[in-house]
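Chemist: Please find protein_12.cif (mmCIF, C-alpha atoms) on the next line:
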```cif
data_upload
loop_
_atom_site.label_atom_id
_atom_site.label_comp_id
_atom_site.auth_asym_id
_atom_site.auth_seq_id
_atom_site.Cartn_x
_atom_site.Cartn_y
_atom_site.Cartn_z
CA VAL G 83 3.61 17.31 1.08
CA VAL G 84 7.05 15.86 0.25
CA GLN G 85 9.24 17.33 -2.44
CA GLY G 86 12.61 16.42 -3.91
CA GLN G 87 12.45 12.72 -3.03
CA ARG G 88 11.74 9.66 -5.13
CA ILE G 89 8.86 8.00 -3.28
CA GLU G 90 8.38 4.32 -4.04
CA THR G 91 5.29 3.51 -1.92
CA TYR G 92 3.23 5.54 0.55
CA LYS G 93 0.46 4.71 3.04
CA LEU G 94 -1.80 7.02 5.03
CA ALA G 95 -1.99 6.45 8.79
CA PRO G 96 -5.39 5.20 10.06
CA ASP G 97 -5.96 8.48 11.92
CA SER G 98 -5.00 10.46 8.76
CA SER G 99 -2.39 12.48 10.68
CA SER G 100 0.70 11.13 8.90
CA VAL G 101 1.95 9.31 5.85
CA ALA G 102 4.63 6.61 5.84
CA TYR G 103 6.62 6.19 2.65
CA THR G 104 9.70 4.48 1.30
CA THR G 105 12.52 5.90 -0.77
CA PRO G 106 15.00 3.71 -2.65
CA LYS G 107 18.64 4.51 -1.85
CA ARG G 108 20.84 2.08 -3.76
CA PHE G 109 21.45 -1.54 -4.58
CA ASP G 110 22.73 -3.57 -1.64
CA LYS G 111 26.05 -4.36 -3.34
CA GLN G 112 27.54 -4.47 -6.79
CA GLY G 113 25.73 -6.97 -9.01
CA SER G 114 22.84 -7.27 -6.54
CA GLN G 115 19.20 -6.73 -7.41
CA GLN G 116 18.35 -6.12 -3.72
CA ILE G 117 17.28 -2.51 -3.19
CA VAL G 118 18.02 -0.74 0.10
CA PHE G 119 15.30 1.67 1.27
CA ASP G 120 14.68 4.28 3.91
CA LEU G 121 11.27 4.30 5.62
CA TRP G 122 10.00 7.79 6.37
CA THR G 123 7.03 9.37 8.10
CA VAL G 124 5.68 12.84 7.49
CA ALA G 125 3.24 14.64 9.79
CA LEU G 126 0.58 16.22 7.60
CA SER G 127 0.02 19.13 10.01
CA THR G 128 3.63 20.30 9.81
CA ALA G 129 4.95 18.60 6.63
CA ARG G 130 7.95 17.51 8.75
CA SER G 131 9.54 14.33 7.38
CA GLN G 132 11.89 12.01 9.22
CA VAL G 133 13.55 8.68 8.57
CA VAL G 134 12.22 6.11 11.04
CA ALA G 135 14.15 3.12 9.62
CA ALA G 136 17.26 3.47 7.46
CA ASP G 137 18.94 1.05 5.07
CA ILE G 138 16.27 -1.65 5.18
CA HIS G 139 15.86 -4.45 2.66
CA LEU G 140 12.41 -4.53 1.10
CA ALA G 141 11.04 -5.96 -2.14
CA PHE G 142 11.44 -4.01 -5.37
CA ASP G 143 8.30 -1.91 -4.71
CA GLY G 144 9.19 -0.91 -1.13
CA ALA G 145 5.64 -1.71 0.01
CA GLU G 146 6.32 -4.19 2.83
CA PHE G 147 5.18 -1.94 5.68
CA SER G 148 1.93 -1.17 7.48
CA TRP G 149 0.53 1.12 10.15
CA SER G 150 -0.71 -0.06 13.54
CA PRO G 151 -4.41 0.74 14.15
CA ASP G 152 -3.54 3.53 16.61
CA SER G 153 -1.11 5.16 14.09
CA LYS G 154 1.71 5.07 16.64
CA LEU G 155 3.78 2.28 15.06
CA VAL G 156 4.91 1.35 11.59
CA SER G 157 5.81 -2.27 10.95
CA TYR G 158 7.95 -3.55 8.12
CA HIS G 159 9.39 -6.88 7.14
CA THR G 160 12.78 -7.71 5.74
CA GLY G 161 11.61 -10.74 3.83
CA TRP G 162 13.94 -10.31 0.90
CA THR G 163 17.19 -11.45 2.48
CA SER G 164 18.12 -14.36 4.72
CA VAL G 165 17.11 -12.13 7.65
CA ASN G 166 13.38 -12.62 7.42
CA ASP G 167 11.77 -10.76 10.31
CA CYS G 168 9.10 -8.22 11.13
CA TYR G 169 10.07 -5.01 12.90
CA VAL G 170 8.14 -2.15 14.50
CA VAL G 171 9.28 1.41 14.93
CA ASN G 172 7.59 4.40 16.54
CA SER G 173 6.11 6.63 13.83
CA ARG G 174 7.87 9.62 15.39
CA GLY G 175 11.26 7.91 15.34
CA GLY G 176 13.37 5.71 17.57
CA MET G 177 14.94 2.30 17.32
CA SER G 178 13.38 -0.47 15.24
CA ARG G 179 12.57 -3.58 17.24
CA ASN G 180 12.40 -7.13 15.91
CA ILE G 181 9.05 -8.63 16.99
CA THR G 182 9.30 -12.06 15.32
CA GLY G 183 12.77 -13.46 16.02
CA PHE G 184 12.67 -15.99 13.18
CA PRO G 185 15.81 -17.93 12.23
CA PRO G 186 17.50 -16.99 8.92
CA VAL G 187 15.91 -18.49 5.81
CA THR G 188 17.38 -20.09 2.74
CA SER G 189 14.25 -20.69 0.68
CA GLU G 190 11.73 -18.44 -1.09
CA ARG G 191 8.93 -20.44 0.54
CA TYR G 192 9.71 -18.85 3.91
CA ARG G 193 9.08 -15.26 2.89
CA LEU G 194 6.85 -13.12 5.12
CA SER G 195 3.68 -11.32 4.19
CA VAL G 196 3.02 -7.66 4.98
CA PRO G 197 1.76 -7.51 8.56
CA LEU G 198 -1.94 -6.91 9.21
CA TRP G 199 -3.13 -5.76 12.62
CA ASP G 200 -6.05 -6.65 14.86
CA ALA G 201 -7.88 -4.05 16.93
CA HIS G 202 -5.70 -4.89 19.97
CA GLY G 203 -2.37 -4.09 18.31
CA GLN G 204 -1.31 -7.64 17.46
CA ALA G 205 0.40 -8.08 14.08
CA TYR G 206 -0.48 -11.10 11.91
CA LEU G 207 1.67 -12.38 9.07
CA LEU G 208 2.27 -15.44 6.97
CA ARG G 209 5.43 -17.54 7.03
CA GLU G 210 6.02 -21.12 5.95
CA GLY G 211 2.37 -21.33 4.80
CA ALA G 212 1.16 -20.75 8.37
CA LEU G 213 -0.43 -17.80 10.18
CA TRP G 214 1.71 -16.16 12.87
CA ARG G 215 0.92 -13.51 15.50
CA ALA G 216 3.47 -11.05 16.86
CA SER G 217 2.99 -8.49 19.57
CA SER G 218 4.54 -5.04 19.39
CA GLU G 219 5.43 -5.63 23.07
CA GLN G 220 7.47 -8.83 22.57
CA ASN G 221 10.32 -10.09 20.41
CA ARG G 222 9.03 -13.39 19.05
CA ALA G 223 6.12 -14.57 16.96
CA VAL G 224 3.73 -17.40 17.81
CA LYS G 225 2.26 -19.75 15.22
CA VAL G 226 -1.53 -19.35 15.37
CA ALA G 227 -2.78 -21.64 12.62
CA GLU G 228 -1.66 -24.03 9.93
CA ILE G 229 -3.45 -26.59 7.81
CA ALA G 230 -1.75 -29.95 7.32
CA GLY G 231 -0.86 -30.55 3.68
CA ARG G 232 -1.87 -26.99 2.71
CA ARG G 233 -0.36 -23.52 2.68
CA ILE G 234 -2.14 -20.36 3.77
CA LEU G 235 -1.41 -17.91 0.98
CA MET G 236 -3.24 -14.72 1.91
CA ILE G 237 -4.55 -12.83 4.90
CA LEU G 238 -7.68 -10.78 4.25
CA SER G 239 -7.63 -7.11 5.16
CA ARG G 240 -10.70 -5.24 6.31
CA SER G 241 -9.19 -1.78 5.67
CA ASN G 242 -6.30 0.34 6.91
CA ASN G 243 -4.13 -2.76 7.44
CA LEU G 244 -6.69 -4.30 9.81
CA LEU G 245 -7.10 -8.05 9.85
CA TRP G 246 -10.53 -9.23 8.69
CA THR G 247 -12.16 -11.48 11.28
CA ALA G 248 -15.59 -13.02 11.76
CA ASP G 249 -17.66 -13.62 14.87
CA GLY G 250 -16.42 -10.59 16.78
CA GLU G 251 -12.75 -11.54 16.37
CA LYS G 252 -13.30 -15.14 17.52
CA SER G 253 -12.35 -16.68 14.18
#
```
Would you give me this structure, written as structure tokens?

Modeler:
Amino acid sequence: VVQGQRIETYKLAPDSSSVAYTTPKRFDKQGSQQIVFDLWTVALSTARSQVVAADIHLAFDGAEFSWSPDSKLVSYHTGWTSVNDCYVVNSRGGMSRNITGFPPVTSERYRLSVPLWDAHGQAYLLREGALWRASSEQNRAVKVAEIAGRRILMILSRSNNLLWTADGEKS
């Protein structure tokens, strides 16, 4: 589908119409280990690729992105610099929008997880050992759950970046 590019990570959209993928561009600056990526989408019906987010800071594997359940948005997080936020961008292009609005971080313990989505289009992620929810419609995250004296380390995925829940999404 895509030729002539070095693809780091790719993910199929839930509706199977497109693929999102990352390509490494360069190191952030001389002596840095931080890789700068472009996030692309390609429509499988036309094989037309486009950059939807350019020059973003991701981890070494470029895998910190996920599809929304309706395949209209791609989210990514920039958890590898002091700017530690989650963004969404339309899968057909447009401006990225910060949906978490977190303050800059100075510690590894504040890194974000890859966003998982619920059936209603809310993104869930981990930060500071707590579970946070962010809406693709707003620009700040809300802390949903934390356990005193403990850290939440993992969010379980059902499939296709969907958050696993029990009791008909009540818990």

Chemist: Kindly provide the residues of region 165-235 of chain G that approach region 139-150 of chain G to within 9 Å, each paired with its closest atom pair and their distance in Å to one decimal, based on all atoms listed in the file, listed by chain and increasing number, as CSV.

Modeler:
```
residue,atom,partner,partner_atom,distance
G:Ser173,CA,G:Trp149,CA,8.7
G:Ser195,CA,G:Glu146,CA,7.7
G:Val196,CA,G:Glu146,CA,5.2
G:Pro197,CA,G:Ser148,CA,6.4
G:Leu198,CA,G:Ser148,CA,7.1
G:Trp199,CA,G:Ser150,CA,6.3
G:Asp200,CA,G:Ser150,CA,8.6
G:Ala201,CA,G:Ser150,CA,8.9
G:Gly203,CA,G:Ser150,CA,6.5
G:Gln204,CA,G:Ser150,CA,8.6
G:Ala205,CA,G:Ser150,CA,8.1
```

Chemist: Considering only C-alpha atoms, return as a PDB file with C-alpha atoms, keeping the file's coordinate frame whatever protein or nucleic-acid residues lie within 12 Å of Thr247 (chain G), sequence-local ones (same chain, fewer than 2 positions apart) excluded.

Modeler:
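Result file around.pdb:
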```pdb
ATOM      1  CA  LEU G 198      -1.940  -6.910   9.210  1.00  0.00           C
ATOM      2  CA  TRP G 199      -3.130  -5.760  12.620  1.00  0.00           C
ATOM      3  CA  ASP G 200      -6.050  -6.650  14.860  1.00  0.00           C
ATOM      4  CA  ALA G 201      -7.880  -4.050  16.930  1.00  0.00           C
ATOM      5  CA  TYR G 206      -0.480 -11.100  11.910  1.00  0.00           C
ATOM      6  CA  ILE G 237      -4.550 -12.830   4.900  1.00  0.00           C
ATOM      7  CA  LEU G 238      -7.680 -10.780   4.250  1.00  0.00           C
ATOM      8  CA  SER G 239      -7.630  -7.110   5.160  1.00  0.00           C
ATOM      9  CA  ARG G 240     -10.700  -5.240   6.310  1.00  0.00           C
ATOM     10  CA  SER G 241      -9.190  -1.780   5.670  1.00  0.00           C
ATOM     11  CA  LEU G 244      -6.690  -4.300   9.810  1.00  0.00           C
ATOM     12  CA  LEU G 245      -7.100  -8.050   9.850  1.00  0.00           C
ATOM     13  CA  ASP G 249     -17.660 -13.620  14.870  1.00  0.00           C
ATOM     14  CA  GLY G 250     -16.420 -10.590  16.780  1.00  0.00           C
ATOM     15  CA  GLU G 251     -12.750 -11.540  16.370  1.00  0.00           C
ATOM     16  CA  LYS G 252     -13.300 -15.140  17.520  1.00  0.00           C
ATOM     17  CA  SER G 253     -12.350 -16.680  14.180  1.00  0.00           C
TER      18      SER G 253
END
```

Chemist: Near region 119-123 of chain G, within 6 Å and counting all atoms listed in the file, which residues show up once chain neighbours fewer than 4 positions away are dropped, as an mmCIF file with C-alpha atoms, keeping the file's coordinate frame?

Modeler:
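As written to disk, result_13.cif reads:
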```cif
data_model
loop_
_atom_site.group_PDB
_atom_site.id
_atom_site.type_symbol
_atom_site.label_atom_id
_atom_site.label_comp_id
_atom_site.auth_asym_id
_atom_site.auth_seq_id
_atom_site.Cartn_x
_atom_site.Cartn_y
_atom_site.Cartn_z
ATOM 1 C CA VAL G 101 1.950 9.310 5.850
ATOM 2 C CA ALA G 102 4.630 6.610 5.840
ATOM 3 C CA TYR G 103 6.620 6.190 2.650
ATOM 4 C CA THR G 104 9.700 4.480 1.300
ATOM 5 C CA THR G 105 12.520 5.900 -0.770
ATOM 6 C CA PRO G 106 15.000 3.710 -2.650
ATOM 7 C CA LYS G 107 18.640 4.510 -1.850
ATOM 8 C CA SER G 131 9.540 14.330 7.380
ATOM 9 C CA GLN G 132 11.890 12.010 9.220
ATOM 10 C CA VAL G 133 13.550 8.680 8.570
ATOM 11 C CA VAL G 134 12.220 6.110 11.040
ATOM 12 C CA ALA G 135 14.150 3.120 9.620
ATOM 13 C CA ALA G 136 17.260 3.470 7.460
ATOM 14 C CA ASP G 137 18.940 1.050 5.070
ATOM 15 C CA ILE G 138 16.270 -1.650 5.180
#
```

Chemist: Restricting the calculation to all atoms listed in the file: of G:Ser218, G:Ser153, G:Thr128, G:Gln116, which residue gets closest to Lys93 (chain G)?

Modeler: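 Checking each of G:Ser218, G:Ser153, G:Thr128, G:Gln116 against Lys93 (chain G), counting all atoms listed in the file, the winner is G:Ser153.
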
Chemist: Between G:Gly211, G:Gly86, G:Gly113, G:Pro151, which has the minimum distance to Ser98 (chain G) (counting all atoms listed in the file)?

Modeler: G:Pro151

Chemist: Around (4.4, -24.4, 9.5) in the file's own coordinates, what residues are found within 10 Å if you use all atoms listed in the file, given back as a ChimeraX atom specification?

Modeler: /G:192,208-214,225-234

Chemist: Starting from the displayed file, determine the output of the PyMOL selection byres ((chain G and resi 172) around 7) and express the residue list as a list in words.

Modeler: Lys154, Leu155, Val156, Val170, Val171, Ser173, Arg174, Gly175 and Gly176 of chain G

Chemist: Rank G:Gln87, G:Ser178, G:Ser100, G:Thr160 by their smallest atom-to-atom distance to Val124 (chain G), using all atoms listed in the file, and report the top residue only.

Modeler: G:Ser100

Chemist: What is the CA of Pro185 (chain G)-CA of Ala223 (chain G) distance in Å, reported with one decimal?

Modeler: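 CA of Ala223 (chain G) lies at a distance of 11.3 Å from CA of Pro185 (chain G).
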